[in-house]
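Chemist: To start, I am sharing the structure in question, which I have written as structure tokens.
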Amino acid sequence: MSAEAVTVRPEDFKLRSHEALHDAHLRSSFRGAMDFLIERRALQFPDLQAFERLRKMGEQVRQHALNHLPDLLETLEANLTARGVQVHWAETPEDANRIFLDIAQRHEASLMVKGKSMVSEEIELNHTMAAQDIECLETDMGEYILQLDGDRPSHIIMPAIHKTKQDVAEIFHEHINGAPLTDDVNELIGIGRQALREKFGAAKIGVSGVNFMVAETGTLVLVENEGNGRLCTTVPDVHIAITGIEKVVEKLEHVLPLYALLPKSATGQAVTTYLNIISGPRRDGEKDGPQEMHLVLLDNGRTQAYRETRYRATLQCIRCGACMNHCPVYTRVGGLSYGTTYPGPIGSIISPHLVGLESTRDLPTASSLCGACGEVCPVKIPIPDMLMKLREAGRHSVTESMTPPSQALVGQGTVRRLGEVLAWKGWRLLYSNAALYRLFAWLAPRLRWLTPPVQAGWTQSRAPLKPAPQSLRAMLAQRRRDGGG
Amino acid sequence: MSANPIRDADARARGAIFKRLRAAPAGEPVAVPDVAGYYAARAVPQDESRTARFIRHAQSWRAEVVETTPADWPQALAGVFADKRPARLLLGRGTAIAETVAGLLPAEQLRWYDEPLAGIKKELFDEVDAGITTTVGAVAETGSLLLHPTPAEPRTLSLIPPLHIAVLHERQIFETLHEAMSTQRWTDAMPTNVLMITGPSKTADIQRVLVYGAHGPKELVILLIRDGGGA
Ligand code: SF4
């Protein structure tokens with residue numbers, strides 16, 4: 001099963017978003033879902049001042065953690081190790097996959113059950129394991145549906161939001177043995193529940209993401225509604241958690257404001273069904289829980305976002321998805337258009353660090369800079385600001401930018417065009433040299449008949465641009481001569 | 001020389017990551033977050049008792065709350081059994097409720113969680129239709145239960161059976177999760193697993209239609225033992 005997911009490249013953003021805009025079905029279902037999430041979120045924050053106080057706390061917790069990131073990671077590692085968790089470090093997705101593969105091979109595992117984890121998608125774990133004949137099964141209902149269908153998530157919180165119940169009915173009927181064709185949602189979830197229960201019982205390895213890590217106690221915190229996360233971290237003999245190095249906070253109580261913000265911002269729920277706080281594998285005498293527990297900490301560009309303070313706030317993100325739900329571009333083109341693990345505004349500011357500016361150069365421009373993302377972000381990431389900075393980094397090559405070369409983004413200057421650079425240089429020369437400018441102003445009206453009647457996209461619905469028949473200077477001089485005031 | 005290439009790669013990656021992090025410039029200093037201060041400053045609604053607030057919130061998440069007294073709770077629980085008719089109830093041995101619970105159902109309807117998961121897994125997934133646990137507390141502002149699974153009451157006891165019955169004492173209801181974790185001093189000795197459970201498991205992954213019983217329990221019944229003698 002698990003047909004290979006269609007590859008979408010961030011380079012193709014413009015093309016894909018164009019297609020998505022013309023898919024009426026996708027647009028209306030997406031729009032509906034986003035309106036629903038926006039409305040539900042607003043109900044959770046009726047008092048704007050209280051919201052501001054809470055998100056100030058959230059911001060402070062994340063900034064405090066990032067300010068002490070290397071120290072906290074050392075403390076976390078020491079405490080987790082003391083509790084019997086094996087901590088692994090991965091610079092790249094390849095490193096991370098190698099770690100998974102090694103553990104799987106040592107346990108002769110052919111099946112892994114996996115809870116929702118964006119970082120596992122970032123490293124394309126399913127795909128890599130499949131190549132080694134290891135099935136990595138999604139167990140979050142939405143992700144499971146997509147995996148059966150060989151599709152990709154379009155939203156980080158509601159991954160299968162672009163599927164209708166009829167779509168799901170057909171997918172289940174086709175891929176699950178003995179599944180009747182029904183579009184009753186209750187029955188469909190029942191079918192999924194039953195099919196997956198067998199897998200939970202059989203899998204040797206459970207994989208999960210992590211929402212927050214606590215340095216002082218050596219603790220992983222997982223947030224979910226379905227219970228599949230608890231099953232993945234409890235039933236199999238081995239639990240492997242994977243997350244980015246930035247997810248750590250200092251103290252257990254620091255998790256509280258973040259947890260108070262996350263589900264409210266994500267789905268407009270005050271709390272999730274489960275808050276699962278794990279501090280180690282099964283201890284002596286305990287009857288369940290994994291016998292072996294691993295944590296894989298992934299860099300994959302995060303240290304690059306970290307090393308320049310102006311991009312660092314990107315790492316405050318708690319992956320709630322609110323910025324997407326409120327983004328006028330995202331709500332129209334959908335998550336699939338981006339071709340990156342993280343779509344929408346947060347995707348546009350994190351992806352350049354993860355995969356370089358070269359392939360993601362269009363993403364920072366996929367924004368009207370309306371500011372909605374920055375206003376709803378529960379940890380106050382100045383997203384519009386960051387988008388501007390990335391646009392600038394795209395335009396300026398390392399040599400001409402203010403960025404020291406050691407801190408340049410991969411692919412910096414990638415949007416720079418020679419013609420454009422020359423045009424601006426010429427403009428500067430003209431406007432800073434009086435004699436030259438006078439010559440230009442004298443010449444332009446006289447040569448106006450030379451301007452082409454068709455000017456690329458501009459003239460599709462506008463009159464062609466032409467210099468005025470008379471320059472402003474000449475007009476003023478004329479008026480003065482005529483005795484006007 | 002280590003013979004383990006994965007361990008070597010780990011060490012290399014670790015070194016490189018820390019080198020980059022340590023080389024980065026310091027960020028703008030921020031005050032140490034005062035989470036306790038934040039919660040202390042928050043106004044608690046006065047128009048409703050803490051218990052009433054807990055019940056209202058728990059019910060809003062589709063938990064059933066059965067109120068009872070220290071004297072009557074066995075009858076109240078018998079009422080829950082009569083209503084839900086569990087064919088096989090999973091329970092832990094030696095807890096504060098074990099003996100009483102065992103007295104309410106015929107022995108063949110009881111399944112004691114006596115062996116490690118591997119030995120009971122199949123039964124747990126296929127036959128057991130209810131599990132009963134104690135709780136260490138609850139949170140009024142969200143209607144949530146707090147559990148610290150133990151050798152007697154493992155993590156899966158509140159997870160795999162379709163019906164979860166939880167016994168809660170009113171005096172253990174806290175206003176916030178912060179109050180619960182600081183009063184009970186969780187960080188002094190972190191249990192391997194702490195759970196906050198709010199309602200039965202659920203999903204809205206298909207067309208945003210809310211369905212209960214995604215992977216965890218489909219039903220959650222809270223047996224709330226009120227303080228003193230009266231309700
Ligand atoms: S950037 Fe802010 S709003 Fe967007 S996902 Fe991250 S935390 Fe949520």
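Residue numbering restarts at 1 in every chain; chains get A, B, ... in the order shown in the structure tokens, and ligands count up from 1 in that same order.
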Excluding same-chain residues fewer than 2 positions from A:Gly218, what lies within 7 Å of it counting only C-alpha atoms, as a VMD selection string?

Modeler: chain A and resid 76 79 to 80 214 to 216 279

Chemist: Within 10 Å of ligand 1, which residues show up when you count only C-alpha atoms and all ligand atoms? List them as number ranges by chain, please.

Modeler: A: 58-59, 156-157, 258, 261-262, 265-266, 313-327, 342-350, 372-383

Chemist: So the first atom is atom CA of A:Ile145 and the second is atom CA of A:Thr272; what is the distance between them in Å, to one decimal place?

Modeler: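 Between atom CA of A:Ile145 and atom CA of A:Thr272 the gap works out to 21.4 Å.
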
Chemist: Based on DSSP run over this structure's backbone, return all residues of stretch 276-363 of chain A in strand (DSSP E), as a PyMOL selection string.

Modeler: chain A and resi 276-278+292-298

Chemist: Store the residues of this selection in a file with N, CA and C atoms, as a PDB file, in the first residue's frame.

Modeler:
ATOM      1  N   ASN A 276      -0.241  14.463  27.145  1.00  0.00           N
ATOM      2  CA  ASN A 276       0.501  13.260  27.493  1.00  0.00           C
ATOM      3  C   ASN A 276       1.920  13.668  27.858  1.00  0.00           C
ATOM      4  N   ILE A 277       2.271  13.507  29.129  1.00  0.00           N
ATOM      5  CA  ILE A 277       3.547  14.006  29.632  1.00  0.00           C
ATOM      6  C   ILE A 277       4.434  12.810  29.960  1.00  0.00           C
ATOM      7  N   ILE A 278       5.447  12.599  29.137  1.00  0.00           N
ATOM      8  CA  ILE A 278       6.249  11.376  29.229  1.00  0.00           C
ATOM      9  C   ILE A 278       7.654  11.693  29.719  1.00  0.00           C
ATOM     10  N   GLU A 292      12.054   0.535  25.438  1.00  0.00           N
ATOM     11  CA  GLU A 292      13.188   1.299  24.945  1.00  0.00           C
ATOM     12  C   GLU A 292      12.644   2.596  24.369  1.00  0.00           C
ATOM     13  N   MET A 293      13.296   3.698  24.688  1.00  0.00           N
ATOM     14  CA  MET A 293      12.794   4.979  24.204  1.00  0.00           C
ATOM     15  C   MET A 293      13.931   5.818  23.629  1.00  0.00           C
ATOM     16  N   HIS A 294      13.662   6.393  22.461  1.00  0.00           N
ATOM     17  CA  HIS A 294      14.668   7.219  21.783  1.00  0.00           C
ATOM     18  C   HIS A 294      14.091   8.592  21.479  1.00  0.00           C
ATOM     19  N   LEU A 295      14.971   9.577  21.483  1.00  0.00           N
ATOM     20  CA  LEU A 295      14.567  10.904  21.007  1.00  0.00           C
ATOM     21  C   LEU A 295      15.553  11.329  19.923  1.00  0.00           C
ATOM     22  N   VAL A 296      15.025  11.665  18.744  1.00  0.00           N
ATOM     23  CA  VAL A 296      15.875  12.146  17.656  1.00  0.00           C
ATOM     24  C   VAL A 296      15.696  13.653  17.539  1.00  0.00           C
ATOM     25  N   LEU A 297      16.777  14.395  17.733  1.00  0.00           N
ATOM     26  CA  LEU A 297      16.717  15.857  17.669  1.00  0.00           C
ATOM     27  C   LEU A 297      17.302  16.324  16.343  1.00  0.00           C
ATOM     28  N   LEU A 298      16.456  16.978  15.561  1.00  0.00           N
ATOM     29  CA  LEU A 298      16.841  17.340  14.197  1.00  0.00           C
ATOM     30  C   LEU A 298      17.210  18.819  14.084  1.00  0.00           C
TER      31      LEU A 298
END

Chemist: Residues within 9 Å of B:Tyr212, please, as a list in words. Count only C-alpha atoms; anything in the same chain fewer than 2 positions from it doesn't count.

Modeler: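 Final neighbour list, sorted by chain and number: Asn186, Ile189 and Glu226 of chain A; Arg62, Pro200, Ser201, Lys202, Thr203, Ala204, Leu210, Ala214, His215, Gly216, Pro217, Lys218 and Glu219 of chain B.
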
Chemist: Hey, can you check how far atom CA of A:Ser368 sits from atom CA of A:Arg9?

Modeler: 22.0 Å

Chemist: Counting only C-alpha atoms, which residue out of A:Ala270, A:Met141, A:Ala456, A:Leu436 sits closest to A:Arg40?

Modeler: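 Going through A:Ala270, A:Met141, A:Ala456, A:Leu436 one by one, the smallest distance to A:Arg40 is for A:Ala270.
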
Chemist: As a ChimeraX atom specification, please: the residues near A:Thr219 (cut-off 12 Å, only C-alpha atoms, same-chain neighbours under 4 positions excluded).

Modeler: /A:73,75-85,210-215,241,247-253,255,276-281,295 /B:186-187,189-194

Chemist: Env of B:Val35: 10 Å cut, atoms = only C-alpha atoms, seq-sep filter 4 positions within chain, self excluded. Answer as number ranges by chain.

Modeler: A: 54, 57-58, 60-61, 251, 253-257; B: 39-41, 178

Chemist: Can you write out the residues you just picked, keeping N, CA and C atoms, as a PDB file, in the first residue's frame?

Modeler:
ATOM      1  N   LEU A  54      -1.728  36.598  27.767  1.00  0.00           N
ATOM      2  CA  LEU A  54      -1.348  35.194  27.629  1.00  0.00           C
ATOM      3  C   LEU A  54      -0.279  35.025  26.551  1.00  0.00           C
ATOM      4  N   MET A  57       3.083  35.990  27.606  1.00  0.00           N
ATOM      5  CA  MET A  57       3.711  34.902  28.374  1.00  0.00           C
ATOM      6  C   MET A  57       4.313  33.863  27.436  1.00  0.00           C
ATOM      7  N   GLY A  58       3.514  33.502  26.432  1.00  0.00           N
ATOM      8  CA  GLY A  58       3.964  32.495  25.480  1.00  0.00           C
ATOM      9  C   GLY A  58       5.229  32.941  24.762  1.00  0.00           C
ATOM     10  N   GLN A  60       7.380  35.134  25.798  1.00  0.00           N
ATOM     11  CA  GLN A  60       8.480  35.206  26.749  1.00  0.00           C
ATOM     12  C   GLN A  60       9.083  33.822  27.010  1.00  0.00           C
ATOM     13  N   VAL A  61       8.211  32.841  27.168  1.00  0.00           N
ATOM     14  CA  VAL A  61       8.685  31.477  27.409  1.00  0.00           C
ATOM     15  C   VAL A  61       9.556  31.010  26.242  1.00  0.00           C
ATOM     16  N   LYS A 251      11.304  24.955  32.021  1.00  0.00           N
ATOM     17  CA  LYS A 251      10.636  24.328  33.163  1.00  0.00           C
ATOM     18  C   LYS A 251       9.294  23.717  32.767  1.00  0.00           C
ATOM     19  N   GLU A 253       6.471  24.150  34.155  1.00  0.00           N
ATOM     20  CA  GLU A 253       5.373  25.135  34.167  1.00  0.00           C
ATOM     21  C   GLU A 253       5.413  26.047  32.943  1.00  0.00           C
ATOM     22  N   HIS A 254       6.543  26.115  32.265  1.00  0.00           N
ATOM     23  CA  HIS A 254       6.616  26.925  31.050  1.00  0.00           C
ATOM     24  C   HIS A 254       5.758  26.349  29.924  1.00  0.00           C
ATOM     25  N   VAL A 255       5.435  25.087  30.044  1.00  0.00           N
ATOM     26  CA  VAL A 255       4.580  24.459  29.036  1.00  0.00           C
ATOM     27  C   VAL A 255       3.148  25.020  29.114  1.00  0.00           C
ATOM     28  N   LEU A 256       2.755  25.454  30.329  1.00  0.00           N
ATOM     29  CA  LEU A 256       1.341  25.794  30.538  1.00  0.00           C
ATOM     30  C   LEU A 256       0.819  26.929  29.655  1.00  0.00           C
ATOM     31  N   PRO A 257       1.497  28.077  29.615  1.00  0.00           N
ATOM     32  CA  PRO A 257       0.956  29.108  28.713  1.00  0.00           C
ATOM     33  C   PRO A 257       0.965  28.647  27.253  1.00  0.00           C
TER      34      PRO A 257
ATOM     35  N   TYR B  39      -0.526  33.166  36.595  1.00  0.00           N
ATOM     36  CA  TYR B  39      -1.740  32.468  37.040  1.00  0.00           C
ATOM     37  C   TYR B  39      -2.316  33.092  38.306  1.00  0.00           C
ATOM     38  N   ALA B  40      -1.426  33.575  39.192  1.00  0.00           N
ATOM     39  CA  ALA B  40      -1.914  34.197  40.432  1.00  0.00           C
ATOM     40  C   ALA B  40      -2.717  35.457  40.113  1.00  0.00           C
ATOM     41  N   ALA B  41      -2.308  36.168  39.049  1.00  0.00           N
ATOM     42  CA  ALA B  41      -2.964  37.439  38.726  1.00  0.00           C
ATOM     43  C   ALA B  41      -4.277  37.253  37.977  1.00  0.00           C
ATOM     44  N   HIS B 178      -1.902  24.494  36.534  1.00  0.00           N
ATOM     45  CA  HIS B 178      -0.748  25.042  37.252  1.00  0.00           C
ATOM     46  C   HIS B 178      -0.872  24.802  38.751  1.00  0.00           C
TER      47      HIS B 178
END

Chemist: Could you pull the residues within 12 Å of B:Thr69, counting only C-alpha atoms, minus those fewer than 6 positions along the same chain, as a ChimeraX atom specification?

Modeler: /B:75-77,167-170,223-231

Chemist: Separation of atom CA of B:Pro70 and atom CA of B:Arg88, in Å?

Modeler: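 Going from atom CA of B:Pro70 over to atom CA of B:Arg88, I get 25.5 Å.
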
Chemist: Give me every helix (DSSP H, G or I) residue in stretch 73-244 of chain A, going by DSSP on the backbone, as an NGL selection string.

Modeler: :A and (73-82 or 93-106 or 118-122 or 125-130 or 141-149 or 165-175 or 185-202 or 228-234)
